[in-house]
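Here is the file data-v2.tsv (TSV, C-alpha atoms and all ligand atoms).
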chain	number	residue	atom	x	y	z
T	1	MET	CA	4.78	7.33	18.73
T	2	GLU	CA	4.08	3.66	19.47
T	3	VAL	CA	4.13	1.45	16.38
T	4	ARG	CA	3.23	-2.23	16.23
T	5	PHE	CA	5.62	-4.37	14.18
T	6	ARG	CA	4.18	-7.59	12.81
T	7	VAL	CA	7.28	-9.66	12.16
T	8	HIS	CA	7.45	-12.88	10.15
T	9	ARG	CA	8.86	-15.70	12.28
T	10	PHE	CA	10.03	-19.10	11.14
T	11	ASP	CA	12.52	-21.36	12.86
T	12	PRO	CA	12.99	-24.47	10.69
T	13	GLU	CA	14.05	-26.49	13.73
T	14	VAL	CA	10.72	-26.08	15.56
T	15	ASP	CA	8.16	-24.47	13.26
T	16	VAL	CA	6.14	-26.42	10.71
T	17	THR	CA	4.67	-23.26	9.21
T	18	PRO	CA	5.62	-19.60	9.53
T	19	ARG	CA	3.82	-17.31	11.97
T	20	TYR	CA	3.79	-13.60	12.79
T	21	GLN	CA	4.77	-12.07	16.09
T	22	VAL	CA	3.81	-8.56	17.15
T	23	TYR	CA	6.22	-6.21	18.95
T	24	THR	CA	5.59	-2.63	19.97
T	25	VAL	CA	8.35	-0.09	19.48
T	26	ASP	CA	8.46	3.52	20.60
T	27	VAL	CA	9.47	5.19	17.34
T	28	GLU	CA	11.22	8.53	17.50
T	29	GLY	CA	12.40	10.98	14.86
T	30	ASP	CA	13.86	9.46	11.72
T	31	MET	CA	14.00	5.91	13.05
T	32	THR	CA	14.14	3.39	10.22
T	33	VAL	CA	12.57	-0.06	10.03
T	34	LEU	CA	16.07	-1.47	10.56
T	35	ASP	CA	16.46	0.65	13.72
T	36	ALA	CA	13.13	-0.73	14.94
T	37	LEU	CA	14.21	-4.31	14.23
T	38	HIS	CA	17.39	-3.63	16.22
T	39	GLN	CA	15.30	-2.28	19.10
T	40	ILE	CA	13.28	-5.51	19.04
T	41	LYS	CA	16.33	-7.76	18.83
T	42	TRP	CA	18.44	-5.96	21.43
T	43	TYR	CA	15.77	-5.13	24.03
T	44	GLN	CA	12.76	-7.43	23.48
T	45	ASP	CA	13.56	-10.69	21.69
T	46	GLY	CA	17.09	-11.71	20.78
T	47	THR	CA	15.84	-14.58	18.62
T	48	VAL	CA	14.48	-12.31	15.86
T	49	THR	CA	16.79	-12.91	12.90
T	50	PHE	CA	17.49	-10.64	9.93
T	51	ARG	CA	20.40	-9.58	7.74
T	52	ARG	CA	22.01	-6.16	7.60
T	53	SER	CA	25.46	-4.73	7.29
T	54	CYS	CA	26.01	-1.20	6.00
T	55	ARG	CA	22.75	0.46	7.18
T	56	SER	CA	23.46	2.95	4.35
T	57	ALA	CA	21.65	1.43	1.32
T	58	ILE	CA	24.94	0.14	-0.07
T	59	CYS	CA	25.41	-3.54	0.86
T	60	GLY	CA	22.00	-4.74	-0.34
T	61	SER	CA	21.51	-7.19	2.52
T	62	CYS	CA	18.43	-5.74	4.28
T	63	GLY	CA	15.82	-6.13	1.51
T	64	MET	CA	12.44	-7.09	2.99
T	65	LEU	CA	8.74	-6.91	2.26
T	66	ILE	CA	7.64	-3.93	4.36
T	67	ASN	CA	3.95	-3.04	4.35
T	68	GLY	CA	3.50	-4.85	1.05
T	69	ARG	CA	6.44	-3.35	-0.86
T	70	ASN	CA	9.98	-4.59	-1.30
T	71	ARG	CA	12.27	-2.08	0.38
T	72	LEU	CA	15.57	-1.73	2.16
T	73	ALA	CA	14.88	-1.71	5.91
T	74	CYS	CA	17.81	0.67	6.43
T	75	ASN	CA	16.49	3.47	4.24
T	76	THR	CA	12.79	3.11	5.02
T	77	ARG	CA	11.74	5.58	7.71
T	78	VAL	CA	8.92	4.25	9.89
T	79	GLY	CA	7.34	7.70	9.92
T	80	ASP	CA	7.17	7.75	6.12
T	81	LEU	CA	5.04	4.58	6.16
T	82	ASN	CA	2.34	6.57	7.94
T	83	SER	CA	0.88	3.49	9.54
T	84	PRO	CA	0.22	2.42	13.17
T	85	GLU	CA	1.21	-1.14	12.21
T	86	VAL	CA	4.15	-2.21	10.07
T	87	SER	CA	4.34	-5.71	8.68
T	88	VAL	CA	7.80	-7.07	7.95
T	89	SER	CA	8.29	-10.26	5.92
T	90	PRO	CA	11.10	-11.90	3.96
T	91	LEU	CA	11.49	-11.07	0.26
T	92	PRO	CA	8.74	-12.95	-1.62
T	93	GLY	CA	9.80	-15.67	-4.01
T	94	PHE	CA	13.02	-16.50	-2.16
T	95	PRO	CA	13.34	-19.65	-0.02
T	96	VAL	CA	13.13	-18.62	3.65
T	97	LEU	CA	15.92	-19.89	5.90
T	98	ARG	CA	14.76	-18.29	9.13
T	99	ASP	CA	12.53	-15.34	10.16
T	100	LEU	CA	13.50	-12.60	7.65
T	101	VAL	CA	16.57	-14.34	6.25
T	102	VAL	CA	16.29	-15.78	2.74
T	103	ASP	CA	18.50	-18.08	0.70
T	104	TRP	CA	20.43	-15.97	-1.81
T	105	ASP	CA	22.13	-18.85	-3.65
T	106	PRO	CA	19.68	-19.11	-6.60
T	107	PHE	CA	19.74	-15.31	-7.04
T	108	PHE	CA	23.54	-15.08	-7.11
T	109	ALA	CA	23.79	-18.16	-9.35
T	110	LYS	CA	21.77	-16.25	-11.96
T	111	ASP	CA	24.05	-13.24	-11.59
T	112	ALA	CA	27.11	-15.48	-12.02
T	113	ALA	CA	25.57	-16.93	-15.19
T	114	MET	CA	25.60	-13.41	-16.70
T	115	MET	CA	29.43	-13.32	-16.61
T	116	PRO	CA	29.37	-10.19	-14.44
T	117	TYR	CA	32.81	-8.91	-15.39
T	118	LEU	CA	34.31	-7.04	-18.33
T	119	ILE	CA	35.47	-9.28	-21.17
T	120	ASN	CA	37.73	-7.80	-23.80
T	121	ASP	CA	39.75	-9.98	-26.18
T	122	THR	CA	41.75	-7.13	-27.73
T	123	PRO	CA	45.31	-6.38	-26.51
T	124	ALA	CA	45.29	-4.37	-23.30
T	125	PRO	CA	46.31	-0.72	-23.70
T	126	GLN	CA	49.15	0.69	-21.59
T	127	LYS	CA	46.69	2.42	-19.30
T	128	GLU	CA	42.99	1.89	-18.80
T	129	ARG	CA	40.43	1.05	-21.46
T	130	ARG	CA	38.82	4.40	-22.06
T	131	GLN	CA	35.22	5.33	-22.52
T	132	SER	CA	33.66	8.70	-23.31
T	133	PRO	CA	31.18	10.28	-20.88
T	134	GLU	CA	28.45	9.71	-23.50
T	135	GLU	CA	29.36	6.02	-23.75
T	136	TYR	CA	29.35	5.68	-19.97
T	137	GLU	CA	25.99	7.43	-19.79
T	138	GLN	CA	24.38	4.35	-21.36
T	139	ILE	CA	25.35	2.11	-18.44
T	140	ASP	CA	25.47	4.66	-15.61
T	141	ASN	CA	22.02	3.85	-14.22
T	142	ALA	CA	22.61	0.08	-14.37
T	143	THR	CA	25.80	0.41	-12.32
T	144	LEU	CA	23.75	1.70	-9.38
T	145	CYS	CA	22.53	-1.84	-8.63
T	146	ILE	CA	23.53	-3.10	-5.17
T	147	MET	CA	22.15	-6.63	-5.72
T	148	CYS	CA	19.53	-6.33	-2.99
T	149	GLY	CA	17.10	-8.60	-4.83
T	150	CYS	CA	14.09	-6.31	-4.32
T	151	CYS	CA	13.38	-6.23	-8.08
T	152	SER	CA	13.58	-9.96	-8.76
T	153	SER	CA	11.53	-10.64	-5.65
T	154	ALA	CA	8.80	-8.31	-6.96
T	155	CYS	CA	8.58	-10.05	-10.34
T	156	PRO	CA	5.58	-12.34	-10.85
T	157	ILE	CA	7.42	-14.18	-13.61
T	158	VAL	CA	10.22	-15.06	-11.17
T	159	TRP	CA	7.57	-16.30	-8.73
T	160	SER	CA	6.05	-18.61	-11.32
T	161	ASN	CA	9.24	-19.68	-13.08
T	162	GLY	CA	12.32	-20.08	-10.92
T	163	GLU	CA	14.46	-20.51	-14.03
T	164	TYR	CA	13.80	-17.01	-15.40
T	165	TYR	CA	16.94	-14.92	-14.91
T	166	GLY	CA	14.87	-12.03	-13.58
T	167	PRO	CA	15.42	-8.29	-13.63
T	168	ALA	CA	18.55	-8.07	-11.46
T	169	ALA	CA	20.54	-10.55	-13.57
T	170	LEU	CA	19.22	-9.03	-16.80
T	171	THR	CA	20.18	-5.54	-15.68
T	172	ARG	CA	23.66	-6.93	-15.06
T	173	LEU	CA	23.61	-8.34	-18.58
T	174	TYR	CA	22.48	-4.96	-19.95
T	175	ARG	CA	25.34	-3.27	-18.10
T	176	PHE	CA	27.91	-5.30	-20.07
T	177	VAL	CA	26.06	-5.57	-23.39
T	178	PHE	CA	25.95	-1.78	-23.55
T	179	ASP	CA	29.47	-1.27	-22.20
T	180	THR	CA	31.46	-0.14	-25.25
T	181	ARG	CA	34.63	-1.74	-23.84
T	182	ASP	CA	33.16	-5.24	-23.65
T	183	THR	CA	33.66	-7.59	-26.61
T	184	ALA	CA	31.58	-10.58	-25.47
T	185	THR	CA	28.42	-9.02	-26.88
T	186	GLN	CA	27.41	-12.05	-28.95
T	187	GLU	CA	27.68	-14.46	-26.01
T	188	ARG	CA	25.79	-12.02	-23.83
T	189	LEU	CA	23.04	-11.55	-26.41
T	190	ALA	CA	22.71	-15.34	-26.61
T	191	LEU	CA	21.93	-15.26	-22.86
T	192	ALA	CA	19.52	-12.35	-23.30
T	193	GLY	CA	17.68	-14.13	-26.12
T	194	SER	CA	17.68	-17.56	-24.47
T	195	GLU	CA	14.67	-19.44	-23.15
T	196	GLU	CA	14.98	-17.89	-19.67
T	197	GLY	CA	16.13	-14.48	-20.83
T	198	ALA	CA	14.55	-11.14	-21.68
T	199	TRP	CA	11.57	-12.52	-23.64
T	200	ARG	CA	10.11	-13.98	-20.45
T	201	CYS	CA	9.55	-10.43	-19.18
T	202	HIS	CA	5.93	-9.31	-19.45
T	203	THR	CA	6.80	-5.63	-18.95
T	204	ILE	CA	4.87	-5.39	-15.70
T	205	PHE	CA	7.27	-2.77	-14.23
T	206	ASN	CA	7.14	-4.13	-10.63
T	207	CYS	CA	10.91	-4.40	-10.71
T	208	THR	CA	11.50	-0.78	-11.68
T	209	THR	CA	8.87	0.40	-9.18
T	210	ASP	CA	10.43	-1.45	-6.25
T	211	CYS	CA	14.11	-0.82	-6.94
T	212	PRO	CA	15.37	1.27	-4.01
T	213	LYS	CA	18.24	2.62	-6.10
T	214	GLY	CA	16.20	3.84	-9.05
T	215	VAL	CA	17.54	1.26	-11.51
T	216	LEU	CA	15.36	1.10	-14.63
T	217	ASN	CA	15.15	-2.68	-14.83
T	218	THR	CA	12.16	-2.97	-17.13
T	219	GLN	CA	13.62	-0.45	-19.55
T	220	ASN	CA	16.95	-2.33	-19.54
T	221	ILE	CA	15.18	-5.59	-20.37
T	222	GLN	CA	13.33	-3.92	-23.25
T	223	ALA	CA	16.66	-2.57	-24.56
T	224	LEU	CA	18.05	-6.11	-24.47
T	225	LYS	CA	15.02	-7.37	-26.42
T	226	ARG	CA	15.54	-4.73	-29.10
T	227	LYS	CA	19.24	-5.57	-29.34
T	228	VAL	CA	18.52	-9.32	-29.64
T	229	MET	CA	15.87	-8.64	-32.28
T	230	LEU	CA	18.23	-6.47	-34.36
T	231	LYS	CA	20.91	-9.13	-34.16
T	232	ASN	CA	18.41	-11.79	-35.29
T	233	LEU	CA	17.43	-9.55	-38.21
T	234	GLY	CA	21.05	-9.48	-39.28
T	235	PHE	CA	22.09	-6.12	-37.92
T	236	GLY	CA	24.70	-7.59	-35.62
T	237	GLY	CA	23.01	-6.21	-32.57
T	238	THR	CA	23.84	-2.66	-33.56
T	239	ARG	CA	21.49	0.28	-33.87
T	240	ILE	CA	19.86	0.74	-37.26
T	241	ALA	CA	20.49	4.21	-38.66
T	242	PHE	CA	17.73	5.10	-41.10
T	243	GLU	CA	19.32	7.10	-43.91
T	244	LEU	CA	16.11	7.71	-45.81
T	245	PRO	CA	13.48	10.13	-44.58
T	246	PRO	CA	10.51	8.22	-43.18
T	247	PRO	CA	7.69	7.76	-45.73
T	248	LYS	CA	4.97	10.36	-45.60
T	249	PRO	CA	1.77	8.99	-44.12
T	250	LYS	CA	-0.93	8.43	-46.70
T	251	PRO	CA	-4.16	10.22	-45.91
T	252	LEU	CA	-6.83	7.69	-45.01
T	253	SER	CA	-10.06	7.71	-46.93
T	254	ASP	CA	-13.13	7.94	-44.72
T	255	ALA	CA	-13.95	4.28	-45.41
T	256	THR	CA	-10.39	3.10	-44.54
T	257	ALA	CA	-10.35	5.24	-41.42
T	258	ALA	CA	-13.64	3.71	-40.32
T	259	ALA	CA	-12.33	0.18	-40.98
T	260	HIS	CA	-9.06	0.77	-39.09
T	261	GLY	CA	-10.34	3.09	-36.43
T	262	ASP	CA	-9.46	6.78	-36.78
T	263	TYR	CA	-5.89	7.15	-35.53
T	264	GLY	CA	-5.54	10.71	-36.81
T	265	ALA	CA	-3.10	12.04	-39.40
T	266	GLY	CA	0.28	10.28	-39.36
T	267	HIS	CA	-0.79	7.62	-36.85
T	268	HIS	CA	-2.24	4.94	-39.09
T	269	ARG	CA	-0.85	1.42	-38.78
T	270	HIS	CA	0.97	1.01	-42.12
H	1	LIG	S1	18.21	-3.45	-9.69
H	1	LIG	FE1	17.59	-2.38	-7.85
H	1	LIG	S2	16.19	-3.76	-6.81
H	1	LIG	FE2	17.28	-4.96	-8.33
H	1	LIG	S3	18.95	-5.85	-7.21
H	1	LIG	FE3	19.70	-3.96	-8.14
H	1	LIG	S4	19.43	-2.38	-6.58
H	1	LIG	FE4	18.22	-4.14	-5.95
H	2	LIG	S1	8.98	-5.84	-15.93
H	2	LIG	FE1	9.59	-7.92	-16.44
H	2	LIG	S2	11.24	-8.40	-15.04
H	2	LIG	FE2	10.20	-6.58	-14.24
H	2	LIG	S3	8.70	-7.37	-12.79
H	2	LIG	FE3	7.70	-7.20	-14.75
H	2	LIG	S4	7.92	-9.19	-15.74
H	2	LIG	FE4	9.37	-9.10	-14.06
H	3	LIG	S1	21.99	-2.62	5.61
H	3	LIG	FE1	23.10	-2.41	3.75
H	3	LIG	S2	21.57	-1.93	2.31
H	3	LIG	FE2	20.50	-1.93	4.19
In C-alpha cells, how does this file's structure come out?
Amino acid sequence: MEVRFRVHRFDPEVDVTPRYQVYTVDVEGDMTVLDALHQIKWYQDGTVTFRRSCRSAICGSCGMLINGRNRLACNTRVGDLNSPEVSVSPLPGFPVLRDLVVDWDPFFAKDAAMMPYLINDTPAPQKERRQSPEEYEQIDNATLCIMCGCCSSACPIVWSNGEYYGPAALTRLYRFVFDTRDTATQERLALAGSEEGAWRCHTIFNCTTDCPKGVLNTQNIQALKRKVMLKNLGFGGTRIAFELPPPKPKPLSDATAAAHGDYGAGHHRH
C-alpha cells in the first residue's frame, strides 16, 4: 500500500519559515510511522531529521504530532491510521530545532523543579523502605510515564502560558506526593498549589487522551488540587475521614424544587 507522508521540514540555517515535504512510502504489514521515517531517511532523503532510540515505547524520544494527535512514532502503526496520507509534525508548543526535533530543555527544567526523586528525612532502615501493595497502587499508574512530552504538548494551557508546569511535571509531583515513603509532602504541595501549579489546569483532558502509556494526568492533577485544598483547610493534606453519617437530604417542597430546579431526591444542592 502506497502512503504519502507529509513531513514537517525546517532547517534553521536556510529556512525562514517551516515547510512540508511529501514522500511516498510502500507500507507493508505492521510498519510503524517510525519505520516509514527510517525508509525516507535511509533510501530517499538523508536530511530528514527526527529523534528515536528504543523503538519500543520506552525511551520517550519519538513523540510527534501524527495526523493531528500526539503519538509515539514507534508504536503507531501506519495501517491503524487508515489514511492514504499521514502528516508528521513536531510536538506542538515546543520550540522546533530542526524538522521533527524539538528543544526539550524547558520541559525537563519543569520536571527538575518537581524534585523528581524520593526525599525521606527519617533514618534509613537496614534494608529498603517498604511499601504495601495497596500503598504502591496509588502511584503505580503515574510511574508508567516515560517523559515523552505528548501530554504537555497537547495542553492548551501550556501553549498559552509557558510557565505552567504542565501535566507531565504535575504527574511527577503526584507520584511523590502520594508515595507513602516520601516526607517532602509540604514542599511538594507548595509547588502543586503555586501560581504555575495544578490550579492552572482547566480539566480539558487532552493530556490524558494523548498519553501513549495510559497515564491519567488530568486525574492526577485533580488529586493534587484536592490535597492542596485539604491542606489549606487545615487538614495537613491528609484525607478527611467523615465519622458522622451524612445528613439525610431534606425533601424539597414543590416551590423550592421549582426555584432550584428539580434535582430529584437526595440530589439537591444543600
Ligand atoms: S504522562 Fe504520558 S504523555 Fe505525559 S510525558 Fe508521561 S508518558 Fe508521555
Ligand atoms: S487537563 Fe489540564 S493539564 Fe491536561 S491538557 Fe487539560 S488543562 Fe492541560
Ligand atoms: S523510539 Fe523510544 S519511545 Fe519511540
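Considering all atoms listed in the file, the residues that reside within 7 Å of ligand LIG 3 (chain H) can be listed as T:Arg52, T:Ser53, T:Cys54, T:Arg55, T:Ser56, T:Ala57, T:Ile58, T:Cys59, T:Gly60, T:Ser61, T:Cys62, T:Gly63, T:Leu72, T:Ala73, T:Cys74, T:Asn75.
The interatomic distance for the pair atom CA of T:Leu37 and atom CA of T:Val215 works out to 26.5 Å.
Ranking T:Pro156, T:Gly234, T:Pro106, T:Gly214 by their shortest atom-to-atom distance to T:Cys201, with all atoms listed in the file included, puts T:Pro156 first.
With all atoms listed in the file as the atoms that count, the set of residues no farther than 6 Å from ligand LIG 2 (chain H) is Ala154, Cys155, Pro156, Ile157, Gly166, Pro167, Cys201, His202, Thr203, Ile204, Phe205, Asn206, Cys207 and Thr218 of chain T.
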Show which residues sit within 9 Å of stretch 179-192 of chain T, as an mmCIF file with C-alpha atoms, in the frame of the given file. Count only C-alpha atoms, and ignore same-chain residues fewer than 4 positions away.
data_model
loop_
_atom_site.group_PDB
_atom_site.id
_atom_site.type_symbol
_atom_site.label_atom_id
_atom_site.label_comp_id
_atom_site.auth_asym_id
_atom_site.auth_seq_id
_atom_site.Cartn_x
_atom_site.Cartn_y
_atom_site.Cartn_z
ATOM 1 C CA ALA T 113 25.570 -16.930 -15.190
ATOM 2 C CA MET T 114 25.600 -13.410 -16.700
ATOM 3 C CA MET T 115 29.430 -13.320 -16.610
ATOM 4 C CA LEU T 118 34.310 -7.040 -18.330
ATOM 5 C CA ILE T 119 35.470 -9.280 -21.170
ATOM 6 C CA ASN T 120 37.730 -7.800 -23.800
ATOM 7 C CA ASP T 121 39.750 -9.980 -26.180
ATOM 8 C CA THR T 122 41.750 -7.130 -27.730
ATOM 9 C CA ARG T 129 40.430 1.050 -21.460
ATOM 10 C CA ARG T 130 38.820 4.400 -22.060
ATOM 11 C CA GLN T 131 35.220 5.330 -22.520
ATOM 12 C CA GLU T 135 29.360 6.020 -23.750
ATOM 13 C CA TYR T 136 29.350 5.680 -19.970
ATOM 14 C CA GLN T 138 24.380 4.350 -21.360
ATOM 15 C CA ILE T 139 25.350 2.110 -18.440
ATOM 16 C CA LEU T 170 19.220 -9.030 -16.800
ATOM 17 C CA LEU T 173 23.610 -8.340 -18.580
ATOM 18 C CA TYR T 174 22.480 -4.960 -19.950
ATOM 19 C CA ARG T 175 25.340 -3.270 -18.100
ATOM 20 C CA GLU T 196 14.980 -17.890 -19.670
ATOM 21 C CA GLY T 197 16.130 -14.480 -20.830
ATOM 22 C CA ALA T 198 14.550 -11.140 -21.680
ATOM 23 C CA TRP T 199 11.570 -12.520 -23.640
ATOM 24 C CA ILE T 221 15.180 -5.590 -20.370
ATOM 25 C CA LEU T 224 18.050 -6.110 -24.470
ATOM 26 C CA LYS T 225 15.020 -7.370 -26.420
ATOM 27 C CA LYS T 227 19.240 -5.570 -29.340
ATOM 28 C CA VAL T 228 18.520 -9.320 -29.640
ATOM 29 C CA LYS T 231 20.910 -9.130 -34.160
ATOM 30 C CA GLY T 236 24.700 -7.590 -35.620
ATOM 31 C CA GLY T 237 23.010 -6.210 -32.570
#
**Message:** Show me which residues line ligand LIG 1 (chain H), defined as having an atom within 9 Å of a ligand atom where only C-alpha atoms and all ligand atoms count, and present them as a ChimeraX atom specification.
**Reply:** /T:58,60,63,70-72,142-154,167-169,171-172,207-217
**Request:** Measuring atom to atom with only C-alpha atoms, identify which of T:Ile66, T:Asp15, T:Pro123, T:Lys41 is nearest to T:Leu97.
**Result:** T:Asp15
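Polymer residues near (12.7, -23.5, 10.6): counting only C-alpha atoms with a cut-off of 12 Å, they are His8, Arg9, Phe10, Asp11, Pro12, Glu13, Val14, Asp15, Val16, Thr17, Pro18, Arg19, Thr49, Pro95, Val96, Leu97, Arg98, Asp99, Leu100, Val101 and Val102 of chain T.
Put simply, atom CA of T:Met31 is 17.0 Å away from atom CA of T:Val7.
Distances here use all atoms listed in the file; by that measure, the residue among T:Tyr20, T:Phe176, T:Tyr164, T:Trp42 closest to T:Phe107 is T:Tyr164.
Near T:Pro84, within a cut-off of 9 Å and counting only C-alpha atoms, sit the residues Met1, Glu2, Val3, Arg4, Phe5 and Leu81 of chain T, with same-chain residues fewer than 3 positions away left out.
The coordinates place atom CA of T:Glu137 at 22.3 Å from atom CA of T:Asp111.
For the choices T:Ser160, T:Asn232, T:Gln44, T:Ser132, the atom-to-atom distance to T:Phe94 is smallest for T:Ser160 when using all atoms listed in the file.
The smallest atom-to-atom distance between T:Pro92 and any of T:Glu28, T:Met229, T:Trp159, T:Val33, using only C-alpha atoms, is found for T:Trp159.
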